[in-house]
Amino acid sequence: MGGSAIWSSCVVALLLQSCLLITPTSAKKTYLVQMKHHQKPPSYSTHTDWYSDRLQSLTSSSHPDSIVYSYTTAYHGFAASLDPEEADSLRQSDEVLGVYEDAVYQLHTTRSPEFLGLDSELGLWAGHTPQERNQASQDVIVGVLDTGVWPESKSFSDAGLPDVPSRWRGQCESAVDFNPKVHCNKKLIGARFFSRGYHMAAGEKPSRETESPRDHDGHGTHTSSTAAGSAVGNASLLGYASGTARGMAVHARVATYKVCWTSGCFGSDILAGMEHAILDGVDVLSLSLGGGSGPYYRDTIAIGAFSAMEKGILVSCSAGNSGPAKASLANLAPWIMTVGAGTIDRDFPAYAVLGSGQKFAGVSLYSGKGMGRKSVGLVYNRGNNVSSNLCMPGSLDPSQVTGKVVLCDRGVNARVEKGGVVRDAGGIGMILANTEASGEELVADSHLLPAVAVGRKVGDVIREYVKSNRNPTAALSFGGTVVNVKPSPVVAAFTSRGPNMVTPQILKPDVIGPGVNILAAWSEAVGPTGLQKDTRKTLFNIMSGTSMSCPHISGLAALLKAAHPDWSPSAIKSALMTTAYTKDNTNSPLRDAADATISTPFAHGAGHVDPHKAISPGLVYDATPDDYVAFLCSLNYAPEQIQSIVKRPNVTCSRKFKDPGHLNYPSFSILFDSTRVVRYTRELTNVGAAASIYHSTIEAPSTVAVAVKPSKLVFKSVGEKQRYTVTFVSKKGASPMTKDAFGSIAWTNAEHQVRSPVAFSWTLCRDGCGE
């Protein structure tokens with residue numbers, strides 16, 4: 001996975017000054033070296049000794065300290081500082097599976113628990129006492145790989161929690177600003193940091209960056225408290241979204257692994273964090289970060305996640321913020337829970353009133369004095385260069401904007417930075433107008449001056465008003481917090497979309513969760529915008545992105561793990577997917593914020609998570625590590641490439657699926673390419689009551705005929721498995737020009753609906769796609 005495929009942080013990541021890639025200052029770079037782990041000669045006491053010796057023997061100029069990390073669990077091999085010639089030399093060794101340059105990943109940047117029905121967990125635990133419920137949750141540990149943690153936050157209070165689970169093997173690491181005895185407790189039970197890959201890329205230790213588990217960015221504190229933060233009353237962002245802030249799994253323990261620094265998250269550091277998290281004993285791993293997509297044997301997160309999955313750890317990752325572009329997803333491995341983002345039923349309205357009398361609604365989290373009711377001059381594209389419409393730094397002419405409201409186009413630089421540019425040039429307000437790229441989606445920001453964000457259509461009206469009037473004016477006002485917004489959820493425009501370009505037969509994303517305007521704990525080392533000039537301090541912040549939706553699902557997975565400790569990661573994923581809903585709170589199909597059209601599974605996957613139903617799904621699609629090996633064999637990877645992922649010697653592919661779509665996955669992605677008939681067999685496991693009977697229900701587009709056999713499944717006992725076969729036939733007249741279509745297959749009885757989305761795509765059909 002190359003650095004060229006990197007995509008940005010959470011939607012507000014552009015307003016964090018931590019998204020610039022490091023340019024190495026020497027010829028040496030960090031490489032990840034995958035070794036044939038099982039070939040270690042017995043003369044070496046450790047794999048690290050073997051790696052060090054082989055490195056020196058193959059690259060005579062290498063220093064013994066060239067090894068940055070040695071991995072034994074998440075990855076088999078090591079990270080080392082090498083020049084390109086040394087890397088090439090290692091590639092020639094029979095003991096080496098692959099040598100890849102270290103990639104940099106980026107972060108993907110209250111009411112969401114209530115929106116999910118988690119204001120009380122009682123409904124999730126029918127038949128159990130509060131004591132049993134709390135005890136089960138307290139035994140679950142959520143590991144978060146991110147920017148660290150602000151341990152003083154009340155979201156990490158351990159009030160009422162018993163001793164740390166005895167199986168926990170992790171620790172809190174000391175640093176100049178982090179005292180484990182003071183800053184860790186029975187809630188925050190682990191806090192580590194990994195920076196060697198970052199330091200190697202920087203060429204020297206970065207200035208102003210303390211090597212510590214402490215969060216100086218805010219993102220990691222936000223995500224970890226979203227997943228499993230304790231309940232904190234009277235939480236708000238400068239008065240907005242006031243209420244109780246709490247994580248999804250409020251009684252679970254938290255362990256943080258700081259792998260992201262000012263210029264990103266390096267693969268070598270991420271692997272080191274995953275390695276320790278697995279060995280420490282986490283139950284769920286949450287990663288709100290990612291890069292581009294590529295073969296699984298080149299995807300460091302996918303490789304580490306496979307090891308976690310084998311250990312029974314569910315890995316939840318953000319899908320990315322490159323929507324609404326198609327085929328923009330990351331974290332695509334089928335053993336990863338890939339999470340997109342939707343809105344919740346809360347909004348922060350703000351208004352722009354033009355001199356023409358027109359009043360337009362937008363959003364804002366501005367919390368200052370405001371402008372009053374008096375209209376002032378409104379200007380657009382008044383500056384020193386062609387970027388003044390974007391309000392780029394240095395682009396505005398103070399003589400043109402002083403004392404006025406400035407209309408700024410969204411894009412290129414951070415939304416809140418634009419407000420800072422306007423303020424520095426003398427402007428007193430800003431209207432931030434979407435362009436075609438961001439459509440109608442509105443994301444609220446804690447601006448430095450009075451500012452209102454509006455959609456593309458309204459933005460076009462205001463642009464035309466400014467251009468066509470000699471003396472355009474505007475006044476801005478702010479409406480605070482409103483709840484019970486309809487429709488909701490709406491699929492976020494920024495959430496990355498399918499189809500899955502690595503394995504088109506696997507439908508991604510898996511689900512969506514709350515990811516727009518989410519309130520959670522924040523670092524006091526940085527203001528709510530993340531800008532250096534923002535001197536405000538807040539204990540909580542509101543952020544948007546798949547970075548925010550990912551920890552929601554991580555926390556829900558922890559609740560399911562507590563309720564069903566014997567369930568595999570695949571079973572937990574299945575429960576969350578097959579019980580997800582696809583209608584909003586007006587009982588209409590989910591809408592897409594990009595253009596207000598009906599959303600599709602390429603955007604929302606199986607739908608929006610429903611924890612109450614997921615706790616008791618009735619049936620699950622389970623998959624074992626061996627099933628995933630058979631899946632990898634179906635991709636026609638070389639044995640060495642599969643070995644680098646599964647970390648087993650002598651992978652023979654004696655069991656191999658006919659195509660990747662035969663994996664027992666909770667959704668379907670049907671490709672009509674070389675044939676007009678696709679047939680898959682799936683297996684369901686009964687996790688509901690004995691003597692359960694289910695009947696199939698099919699939804700299909702007019703271009704496809706679908707048949708399920710048998711159409712009835714009878715489960716006599718709990719844990720019993722039953723198979724069914726579904727046949728998809730492309731009807732006559734379909735062609736490669738046929739538009740993608742969607743449907744579903746559901747198994748239902750009086751208590752449960754086990755629903756799987758189906759996506760249909762037509763490619764180059766050699767036999768005519770149904771003629």
# chains A, B, ... in the order shown; residues from 1 in each chain; ligands from 1
>>> closest_atom_pairs(of="region 486-572 of chain A", to="region 231-239 of chain A", cutoff="10 Å", atoms="only C-alpha atoms", output="CSV")
residue,atom,partner,partner_atom,distance
A:Leu519,CA,A:Ser236,CA,7.3
A:Ala520,CA,A:Ala235,CA,8.5
A:Ala521,CA,A:Ala235,CA,8.8
A:Trp522,CA,A:Leu237,CA,9.6
A:Pro528,CA,A:Leu237,CA,8.3
A:Arg536,CA,A:Leu238,CA,9.5
A:Lys537,CA,A:Leu238,CA,9.1
A:Thr538,CA,A:Leu237,CA,6.6
A:Leu539,CA,A:Leu237,CA,7.6
A:Phe540,CA,A:Leu237,CA,5.5
A:Asn541,CA,A:Leu237,CA,5.3
A:Ile542,CA,A:Leu237,CA,6.7
>>> select_by_dssp(residues="region 185-420 of chain A", states="strand (DSSP E)", output="PyMOL selection string")
chain A and resi 188-193+232-237+240-245+253-258+260-261+264-266+284-287+289-290+314-318+337-342+346-347+349-354+359-363+376-380+405-409
>>> closest_residue(among="A:Thr681, A:Ser446, A:Ser669, A:Ser367", to="Pro757 (chain A)", atoms="only C-alpha atoms")
A:Ser669
>>> select_by_dssp(residues="region 246-385 of chain A", states="helix (DSSP H, G or I)", output="list in words")
Gly267, Ser268, Asp269, Ile270, Leu271, Ala272, Gly273, Met274, Glu275, His276, Ala277, Ile278, Leu279, Asp280, Tyr296, Tyr297, Arg298, Thr300, Ile301, Ala302, Ile303, Gly304, Ala305, Phe306, Ser307, Ala308, Met309 and Glu310 of chain A
>>> write_last_selection(atoms="N, CA, C and O atoms", output="short mmCIF file (atom, residue, chain, number, x, y, z; two decimals), in the first residue's frame")
data_model
loop_
_atom_site.label_atom_id
_atom_site.label_comp_id
_atom_site.auth_asym_id
_atom_site.auth_seq_id
_atom_site.Cartn_x
_atom_site.Cartn_y
_atom_site.Cartn_z
N GLY A 267 3.32 2.75 8.93
CA GLY A 267 2.96 1.34 8.99
C GLY A 267 3.77 0.55 9.99
O GLY A 267 3.25 -0.33 10.67
N SER A 268 5.06 0.87 10.10
CA SER A 268 5.91 0.15 11.05
C SER A 268 5.46 0.39 12.49
O SER A 268 5.48 -0.53 13.32
N ASP A 269 5.02 1.62 12.79
CA ASP A 269 4.52 1.92 14.14
C ASP A 269 3.15 1.29 14.37
O ASP A 269 2.86 0.80 15.46
N ILE A 270 2.30 1.30 13.33
CA ILE A 270 0.99 0.67 13.46
C ILE A 270 1.14 -0.82 13.74
O ILE A 270 0.47 -1.36 14.63
N LEU A 271 2.03 -1.49 13.02
CA LEU A 271 2.24 -2.92 13.26
C LEU A 271 2.76 -3.17 14.67
O LEU A 271 2.36 -4.15 15.32
N ALA A 272 3.64 -2.31 15.14
CA ALA A 272 4.15 -2.48 16.51
C ALA A 272 3.02 -2.31 17.52
O ALA A 272 2.92 -3.05 18.50
N GLY A 273 2.13 -1.34 17.27
CA GLY A 273 0.98 -1.15 18.16
C GLY A 273 0.05 -2.34 18.13
O GLY A 273 -0.43 -2.80 19.18
N MET A 274 -0.23 -2.86 16.94
CA MET A 274 -1.11 -4.03 16.83
C MET A 274 -0.48 -5.25 17.51
O MET A 274 -1.16 -6.03 18.18
N GLU A 275 0.81 -5.42 17.32
CA GLU A 275 1.53 -6.53 17.94
C GLU A 275 1.37 -6.51 19.45
O GLU A 275 1.02 -7.52 20.08
N HIS A 276 1.61 -5.35 20.05
CA HIS A 276 1.49 -5.27 21.51
C HIS A 276 0.05 -5.41 21.97
O HIS A 276 -0.22 -6.02 23.00
N ALA A 277 -0.88 -4.85 21.21
CA ALA A 277 -2.29 -4.96 21.60
C ALA A 277 -2.74 -6.41 21.62
O ALA A 277 -3.45 -6.86 22.54
N ILE A 278 -2.32 -7.18 20.62
CA ILE A 278 -2.67 -8.60 20.57
C ILE A 278 -2.07 -9.33 21.76
O ILE A 278 -2.75 -10.11 22.45
N LEU A 279 -0.79 -9.08 22.02
CA LEU A 279 -0.11 -9.76 23.12
C LEU A 279 -0.62 -9.28 24.48
O LEU A 279 -0.65 -10.05 25.45
N ASP A 280 -1.05 -8.02 24.55
CA ASP A 280 -1.56 -7.47 25.81
C ASP A 280 -2.88 -8.11 26.22
O ASP A 280 -3.19 -8.19 27.41
N TYR A 296 -3.81 -7.56 -0.32
CA TYR A 296 -3.77 -7.77 1.13
C TYR A 296 -2.36 -8.04 1.64
O TYR A 296 -2.03 -7.67 2.77
N TYR A 297 -1.51 -8.66 0.82
CA TYR A 297 -0.15 -8.94 1.28
C TYR A 297 0.73 -7.68 1.32
O TYR A 297 1.84 -7.72 1.83
N ARG A 298 0.22 -6.58 0.80
CA ARG A 298 0.91 -5.30 0.90
C ARG A 298 0.26 -4.37 1.92
O ARG A 298 0.72 -3.25 2.12
N THR A 300 -0.48 -3.46 5.49
CA THR A 300 0.01 -3.77 6.83
C THR A 300 -1.12 -3.91 7.84
O THR A 300 -1.05 -4.76 8.74
N ILE A 301 -2.16 -3.10 7.72
CA ILE A 301 -3.29 -3.21 8.66
C ILE A 301 -3.99 -4.54 8.46
O ILE A 301 -4.34 -5.23 9.43
N ALA A 302 -4.20 -4.95 7.20
CA ALA A 302 -4.85 -6.24 6.93
C ALA A 302 -4.02 -7.40 7.47
O ALA A 302 -4.56 -8.37 8.02
N ILE A 303 -2.71 -7.31 7.33
CA ILE A 303 -1.84 -8.39 7.82
C ILE A 303 -1.90 -8.48 9.33
O ILE A 303 -2.05 -9.56 9.91
N GLY A 304 -1.80 -7.34 10.00
CA GLY A 304 -1.90 -7.35 11.46
C GLY A 304 -3.27 -7.79 11.93
O GLY A 304 -3.40 -8.52 12.92
N ALA A 305 -4.31 -7.37 11.20
CA ALA A 305 -5.68 -7.72 11.60
C ALA A 305 -5.94 -9.21 11.46
O ALA A 305 -6.74 -9.77 12.21
N PHE A 306 -5.30 -9.87 10.51
CA PHE A 306 -5.48 -11.32 10.37
C PHE A 306 -4.99 -12.03 11.63
O PHE A 306 -5.67 -12.92 12.15
N SER A 307 -3.84 -11.61 12.14
CA SER A 307 -3.33 -12.21 13.39
C SER A 307 -4.27 -11.95 14.54
O SER A 307 -4.50 -12.83 15.38
N ALA A 308 -4.82 -10.74 14.61
CA ALA A 308 -5.77 -10.41 15.68
C ALA A 308 -7.00 -11.29 15.57
O ALA A 308 -7.49 -11.85 16.57
N MET A 309 -7.53 -11.43 14.35
CA MET A 309 -8.72 -12.26 14.13
C MET A 309 -8.47 -13.70 14.58
O MET A 309 -9.33 -14.32 15.21
N GLU A 310 -7.29 -14.23 14.28
CA GLU A 310 -6.97 -15.60 14.70
C GLU A 310 -6.99 -15.75 16.22
O GLU A 310 -7.28 -16.82 16.74
#
>>> closest_residue(among="A:Val629, A:Val353, A:Leu107, A:Val33", to="Gly218 (chain A)", atoms="only C-alpha atoms")
A:Leu107
>>> residues_around(residues="region 400-403 of chain A", least_positions_apart="5", cutoff="10 Å", atoms="only C-alpha atoms", output="list in words")
Val376, Gly377, Leu378, Val379, Tyr380, Asn381, Arg382, Gly383, Val422, Arg423, Asp424, Ala425, Gly426, Gly427, Ile428 and Gly429 of chain A
>>> write_last_selection(atoms="all heavy atoms", output="compact mmCIF listing (two decimals), in the first residue's frame")
# COMPACT_ATOMS: atom_id res chain seq x y z
N VAL A 376 -24.06 43.62 6.98
CA VAL A 376 -22.81 44.27 6.57
C VAL A 376 -22.52 43.84 5.14
O VAL A 376 -23.16 42.93 4.59
CB VAL A 376 -21.64 43.90 7.50
CG1 VAL A 376 -21.93 44.32 8.93
CG2 VAL A 376 -21.34 42.41 7.43
N GLY A 377 -21.54 44.46 4.55
CA GLY A 377 -21.18 44.14 3.18
C GLY A 377 -20.76 42.68 3.02
O GLY A 377 -20.16 42.08 3.92
N LEU A 378 -21.08 42.10 1.87
CA LEU A 378 -20.75 40.71 1.55
C LEU A 378 -19.88 40.70 0.30
O LEU A 378 -20.26 41.28 -0.73
CB LEU A 378 -22.03 39.91 1.31
CG LEU A 378 -21.89 38.46 0.84
CD1 LEU A 378 -21.17 37.61 1.89
CD2 LEU A 378 -23.26 37.87 0.52
N VAL A 379 -18.71 40.06 0.38
CA VAL A 379 -17.79 40.05 -0.76
C VAL A 379 -17.41 38.61 -1.10
O VAL A 379 -17.47 37.71 -0.25
CB VAL A 379 -16.51 40.86 -0.47
CG1 VAL A 379 -16.85 42.33 -0.25
CG2 VAL A 379 -15.76 40.31 0.73
N TYR A 380 -16.99 38.42 -2.35
CA TYR A 380 -16.59 37.10 -2.83
C TYR A 380 -15.47 37.26 -3.86
O TYR A 380 -15.56 38.13 -4.74
CB TYR A 380 -17.79 36.39 -3.47
CG TYR A 380 -17.49 35.06 -4.11
CD1 TYR A 380 -16.95 34.01 -3.38
CD2 TYR A 380 -17.77 34.84 -5.46
CE1 TYR A 380 -16.69 32.78 -3.97
CE2 TYR A 380 -17.52 33.61 -6.06
CZ TYR A 380 -16.98 32.58 -5.31
OH TYR A 380 -16.73 31.37 -5.90
N ASN A 381 -14.45 36.44 -3.69
CA ASN A 381 -13.34 36.41 -4.66
C ASN A 381 -12.66 37.77 -4.77
O ASN A 381 -12.34 38.24 -5.86
CB ASN A 381 -13.85 35.95 -6.03
CG ASN A 381 -12.75 35.33 -6.87
OD1 ASN A 381 -11.69 35.01 -6.36
ND2 ASN A 381 -13.00 35.16 -8.15
N ARG A 382 -12.43 38.40 -3.60
CA ARG A 382 -11.76 39.70 -3.56
C ARG A 382 -10.39 39.53 -2.92
O ARG A 382 -10.27 39.45 -1.70
CB ARG A 382 -12.58 40.70 -2.74
CG ARG A 382 -13.92 41.06 -3.32
CD ARG A 382 -13.79 41.91 -4.57
NE ARG A 382 -15.09 42.31 -5.08
CZ ARG A 382 -15.72 43.40 -4.71
NH1 ARG A 382 -15.17 44.20 -3.81
NH2 ARG A 382 -16.88 43.71 -5.24
N GLY A 383 -9.38 39.43 -3.75
CA GLY A 383 -8.08 39.23 -3.14
C GLY A 383 -6.94 39.42 -4.10
O GLY A 383 -7.07 40.05 -5.15
N VAL A 422 -9.99 34.84 6.90
CA VAL A 422 -10.92 35.98 6.82
C VAL A 422 -10.72 36.91 8.00
O VAL A 422 -10.64 38.15 7.84
CB VAL A 422 -12.38 35.47 6.78
CG1 VAL A 422 -13.36 36.64 6.92
CG2 VAL A 422 -12.64 34.69 5.50
N ARG A 423 -10.62 36.35 9.19
CA ARG A 423 -10.45 37.18 10.39
C ARG A 423 -9.14 37.97 10.32
O ARG A 423 -9.10 39.18 10.65
CB ARG A 423 -10.46 36.29 11.64
CG ARG A 423 -10.46 37.09 12.94
CD ARG A 423 -10.40 36.18 14.15
NE ARG A 423 -9.10 35.49 14.27
CZ ARG A 423 -8.72 34.76 15.31
NH1 ARG A 423 -9.56 34.60 16.32
NH2 ARG A 423 -7.55 34.18 15.34
N ASP A 424 -8.06 37.33 9.90
CA ASP A 424 -6.76 38.00 9.83
C ASP A 424 -6.75 39.12 8.81
O ASP A 424 -5.97 40.07 8.93
CB ASP A 424 -5.67 36.98 9.51
CG ASP A 424 -5.44 35.99 10.64
OD1 ASP A 424 -5.94 36.24 11.75
OD2 ASP A 424 -4.78 34.96 10.40
N ALA A 425 -7.62 38.99 7.77
CA ALA A 425 -7.67 40.04 6.75
C ALA A 425 -8.64 41.16 7.13
O ALA A 425 -8.83 42.10 6.36
CB ALA A 425 -8.09 39.43 5.41
N GLY A 426 -9.28 41.04 8.31
CA GLY A 426 -10.18 42.09 8.78
C GLY A 426 -11.64 41.78 8.62
O GLY A 426 -12.49 42.60 9.01
N GLY A 427 -11.97 40.63 8.04
CA GLY A 427 -13.38 40.27 7.89
C GLY A 427 -14.01 39.96 9.23
O GLY A 427 -13.33 39.58 10.19
N ILE A 428 -15.34 40.13 9.32
CA ILE A 428 -16.01 39.90 10.60
C ILE A 428 -16.97 38.71 10.55
O ILE A 428 -17.60 38.37 11.55
CB ILE A 428 -16.78 41.15 11.06
CG1 ILE A 428 -17.88 41.52 10.06
CG2 ILE A 428 -15.81 42.31 11.27
CD1 ILE A 428 -18.79 42.61 10.57
N GLY A 429 -17.07 38.06 9.40
CA GLY A 429 -17.93 36.89 9.29
C GLY A 429 -17.62 36.13 8.01
O GLY A 429 -16.95 36.65 7.10
>>> closest_residue(among="A:Ile462, A:Ala492, A:Cys317, A:Ile572", to="Val687 (chain A)", atoms="only C-alpha atoms")
A:Ile572
>>> residues_around(residues="Ser667 (chain A)", least_positions_apart="5", cutoff="10 Å", atoms="only C-alpha atoms", output="count of residues only")
20
>>> decode(residues="region 65-99 of chain A", atoms="N, CA and C atoms", output="PDB file, in the first residue's frame")
ATOM      1  N   ASP A  65      22.039  -1.388  14.733  1.00  0.00           N
ATOM      2  CA  ASP A  65      20.846  -0.674  15.180  1.00  0.00           C
ATOM      3  C   ASP A  65      19.893  -0.349  14.033  1.00  0.00           C
ATOM      4  N   SER A  66      20.160  -0.910  12.856  1.00  0.00           N
ATOM      5  CA  SER A  66      19.301  -0.623  11.716  1.00  0.00           C
ATOM      6  C   SER A  66      17.895  -1.165  11.908  1.00  0.00           C
ATOM      7  N   ILE A  67      17.749  -2.217  12.722  1.00  0.00           N
ATOM      8  CA  ILE A  67      16.421  -2.771  12.959  1.00  0.00           C
ATOM      9  C   ILE A  67      15.614  -1.801  13.830  1.00  0.00           C
ATOM     10  N   VAL A  68      14.464  -1.390  13.310  1.00  0.00           N
ATOM     11  CA  VAL A  68      13.590  -0.443  13.999  1.00  0.00           C
ATOM     12  C   VAL A  68      12.637  -1.182  14.930  1.00  0.00           C
ATOM     13  N   TYR A  69      11.992  -2.227  14.411  1.00  0.00           N
ATOM     14  CA  TYR A  69      11.115  -3.094  15.196  1.00  0.00           C
ATOM     15  C   TYR A  69      11.335  -4.538  14.755  1.00  0.00           C
ATOM     16  N   SER A  70      11.121  -5.451  15.671  1.00  0.00           N
ATOM     17  CA  SER A  70      11.057  -6.870  15.350  1.00  0.00           C
ATOM     18  C   SER A  70       9.657  -7.353  15.719  1.00  0.00           C
ATOM     19  N   TYR A  71       9.005  -8.070  14.786  1.00  0.00           N
ATOM     20  CA  TYR A  71       7.623  -8.514  14.994  1.00  0.00           C
ATOM     21  C   TYR A  71       7.559 -10.042  15.029  1.00  0.00           C
ATOM     22  N   THR A  72       6.688 -10.559  15.891  1.00  0.00           N
ATOM     23  CA  THR A  72       6.496 -12.009  15.961  1.00  0.00           C
ATOM     24  C   THR A  72       5.032 -12.431  15.867  1.00  0.00           C
ATOM     25  N   THR A  73       4.111 -11.506  16.056  1.00  0.00           N
ATOM     26  CA  THR A  73       2.694 -11.874  16.141  1.00  0.00           C
ATOM     27  C   THR A  73       1.860 -11.207  15.049  1.00  0.00           C
ATOM     28  N   ALA A  74       1.782  -9.892  15.050  1.00  0.00           N
ATOM     29  CA  ALA A  74       0.991  -9.185  14.042  1.00  0.00           C
ATOM     30  C   ALA A  74       1.621  -9.319  12.658  1.00  0.00           C
ATOM     31  N   TYR A  75       2.912  -9.571  12.626  1.00  0.00           N
ATOM     32  CA  TYR A  75       3.682  -9.595  11.390  1.00  0.00           C
ATOM     33  C   TYR A  75       4.852 -10.521  11.647  1.00  0.00           C
ATOM     34  N   HIS A  76       5.319 -11.210  10.641  1.00  0.00           N
ATOM     35  CA  HIS A  76       6.511 -12.037  10.796  1.00  0.00           C
ATOM     36  C   HIS A  76       7.647 -11.368  10.037  1.00  0.00           C
ATOM     37  N   GLY A  77       8.530 -10.723  10.784  1.00  0.00           N
ATOM     38  CA  GLY A  77       9.635 -10.023  10.162  1.00  0.00           C
ATOM     39  C   GLY A  77      10.065  -8.844  10.984  1.00  0.00           C
ATOM     40  N   PHE A  78      10.565  -7.816  10.305  1.00  0.00           N
ATOM     41  CA  PHE A  78      11.096  -6.669  11.036  1.00  0.00           C
ATOM     42  C   PHE A  78      11.000  -5.420  10.176  1.00  0.00           C
ATOM     43  N   ALA A  79      11.121  -4.286  10.821  1.00  0.00           N
ATOM     44  CA  ALA A  79      11.259  -3.004  10.143  1.00  0.00           C
ATOM     45  C   ALA A  79      12.695  -2.550  10.322  1.00  0.00           C
ATOM     46  N   ALA A  80      13.291  -2.035   9.244  1.00  0.00           N
ATOM     47  CA  ALA A  80      14.699  -1.653   9.316  1.00  0.00           C
ATOM     48  C   ALA A  80      14.951  -0.412   8.480  1.00  0.00           C
ATOM     49  N   SER A  81      15.982   0.341   8.882  1.00  0.00           N
ATOM     50  CA  SER A  81      16.420   1.508   8.141  1.00  0.00           C
ATOM     51  C   SER A  81      17.455   1.065   7.120  1.00  0.00           C
ATOM     52  N   LEU A  82      17.112   1.173   5.839  1.00  0.00           N
ATOM     53  CA  LEU A  82      17.956   0.660   4.772  1.00  0.00           C
ATOM     54  C   LEU A  82      18.028   1.660   3.626  1.00  0.00           C
ATOM     55  N   ASP A  83      19.078   1.546   2.827  1.00  0.00           N
ATOM     56  CA  ASP A  83      19.069   2.273   1.568  1.00  0.00           C
ATOM     57  C   ASP A  83      18.520   1.342   0.499  1.00  0.00           C
ATOM     58  N   PRO A  84      18.134   1.849  -0.664  1.00  0.00           N
ATOM     59  CA  PRO A  84      17.484   1.011  -1.681  1.00  0.00           C
ATOM     60  C   PRO A  84      18.314  -0.195  -2.099  1.00  0.00           C
ATOM     61  N   GLU A  85      19.645  -0.047  -2.136  1.00  0.00           N
ATOM     62  CA  GLU A  85      20.489  -1.179  -2.521  1.00  0.00           C
ATOM     63  C   GLU A  85      20.423  -2.285  -1.484  1.00  0.00           C
ATOM     64  N   GLU A  86      20.398  -1.917  -0.216  1.00  0.00           N
ATOM     65  CA  GLU A  86      20.285  -2.920   0.848  1.00  0.00           C
ATOM     66  C   GLU A  86      18.938  -3.627   0.787  1.00  0.00           C
ATOM     67  N   ALA A  87      17.892  -2.869   0.494  1.00  0.00           N
ATOM     68  CA  ALA A  87      16.570  -3.478   0.364  1.00  0.00           C
ATOM     69  C   ALA A  87      16.559  -4.479  -0.786  1.00  0.00           C
ATOM     70  N   ASP A  88      17.172  -4.118  -1.918  1.00  0.00           N
ATOM     71  CA  ASP A  88      17.236  -5.030  -3.058  1.00  0.00           C
ATOM     72  C   ASP A  88      18.020  -6.285  -2.713  1.00  0.00           C
ATOM     73  N   SER A  89      19.077  -6.116  -1.945  1.00  0.00           N
ATOM     74  CA  SER A  89      19.879  -7.275  -1.536  1.00  0.00           C
ATOM     75  C   SER A  89      19.052  -8.237  -0.689  1.00  0.00           C
ATOM     76  N   LEU A  90      18.253  -7.681   0.219  1.00  0.00           N
ATOM     77  CA  LEU A  90      17.411  -8.536   1.050  1.00  0.00           C
ATOM     78  C   LEU A  90      16.372  -9.283   0.211  1.00  0.00           C
ATOM     79  N   ARG A  91      15.866  -8.640  -0.823  1.00  0.00           N
ATOM     80  CA  ARG A  91      14.844  -9.284  -1.662  1.00  0.00           C
ATOM     81  C   ARG A  91      15.363 -10.550  -2.333  1.00  0.00           C
ATOM     82  N   GLN A  92      16.673 -10.664  -2.503  1.00  0.00           N
ATOM     83  CA  GLN A  92      17.252 -11.831  -3.169  1.00  0.00           C
ATOM     84  C   GLN A  92      17.395 -13.034  -2.237  1.00  0.00           C
ATOM     85  N   SER A  93      17.179 -12.841  -0.956  1.00  0.00           N
ATOM     86  CA  SER A  93      17.367 -13.922   0.012  1.00  0.00           C
ATOM     87  C   SER A  93      16.198 -14.889  -0.018  1.00  0.00           C
ATOM     88  N   ASP A  94      16.475 -16.178   0.044  1.00  0.00           N
ATOM     89  CA  ASP A  94      15.434 -17.205   0.086  1.00  0.00           C
ATOM     90  C   ASP A  94      14.651 -17.167   1.396  1.00  0.00           C
ATOM     91  N   GLU A  95      15.205 -16.525   2.422  1.00  0.00           N
ATOM     92  CA  GLU A  95      14.536 -16.470   3.714  1.00  0.00           C
ATOM     93  C   GLU A  95      13.548 -15.310   3.805  1.00  0.00           C
ATOM     94  N   VAL A  96      13.517 -14.477   2.767  1.00  0.00           N
ATOM     95  CA  VAL A  96      12.707 -13.266   2.779  1.00  0.00           C
ATOM     96  C   VAL A  96      11.494 -13.443   1.870  1.00  0.00           C
ATOM     97  N   LEU A  97      10.306 -13.116   2.401  1.00  0.00           N
ATOM     98  CA  LEU A  97       9.071 -13.187   1.618  1.00  0.00           C
ATOM     99  C   LEU A  97       8.824 -11.910   0.820  1.00  0.00           C
ATOM    100  N   GLY A  98       9.214 -10.778   1.381  1.00  0.00           N
ATOM    101  CA  GLY A  98       8.984  -9.516   0.696  1.00  0.00           C
ATOM    102  C   GLY A  98       9.626  -8.364   1.440  1.00  0.00           C
ATOM    103  N   VAL A  99       9.953  -7.314   0.710  1.00  0.00           N
ATOM    104  CA  VAL A  99      10.534  -6.105   1.293  1.00  0.00           C
ATOM    105  C   VAL A  99       9.769  -4.912   0.717  1.00  0.00           C
TER     106      VAL A  99
END
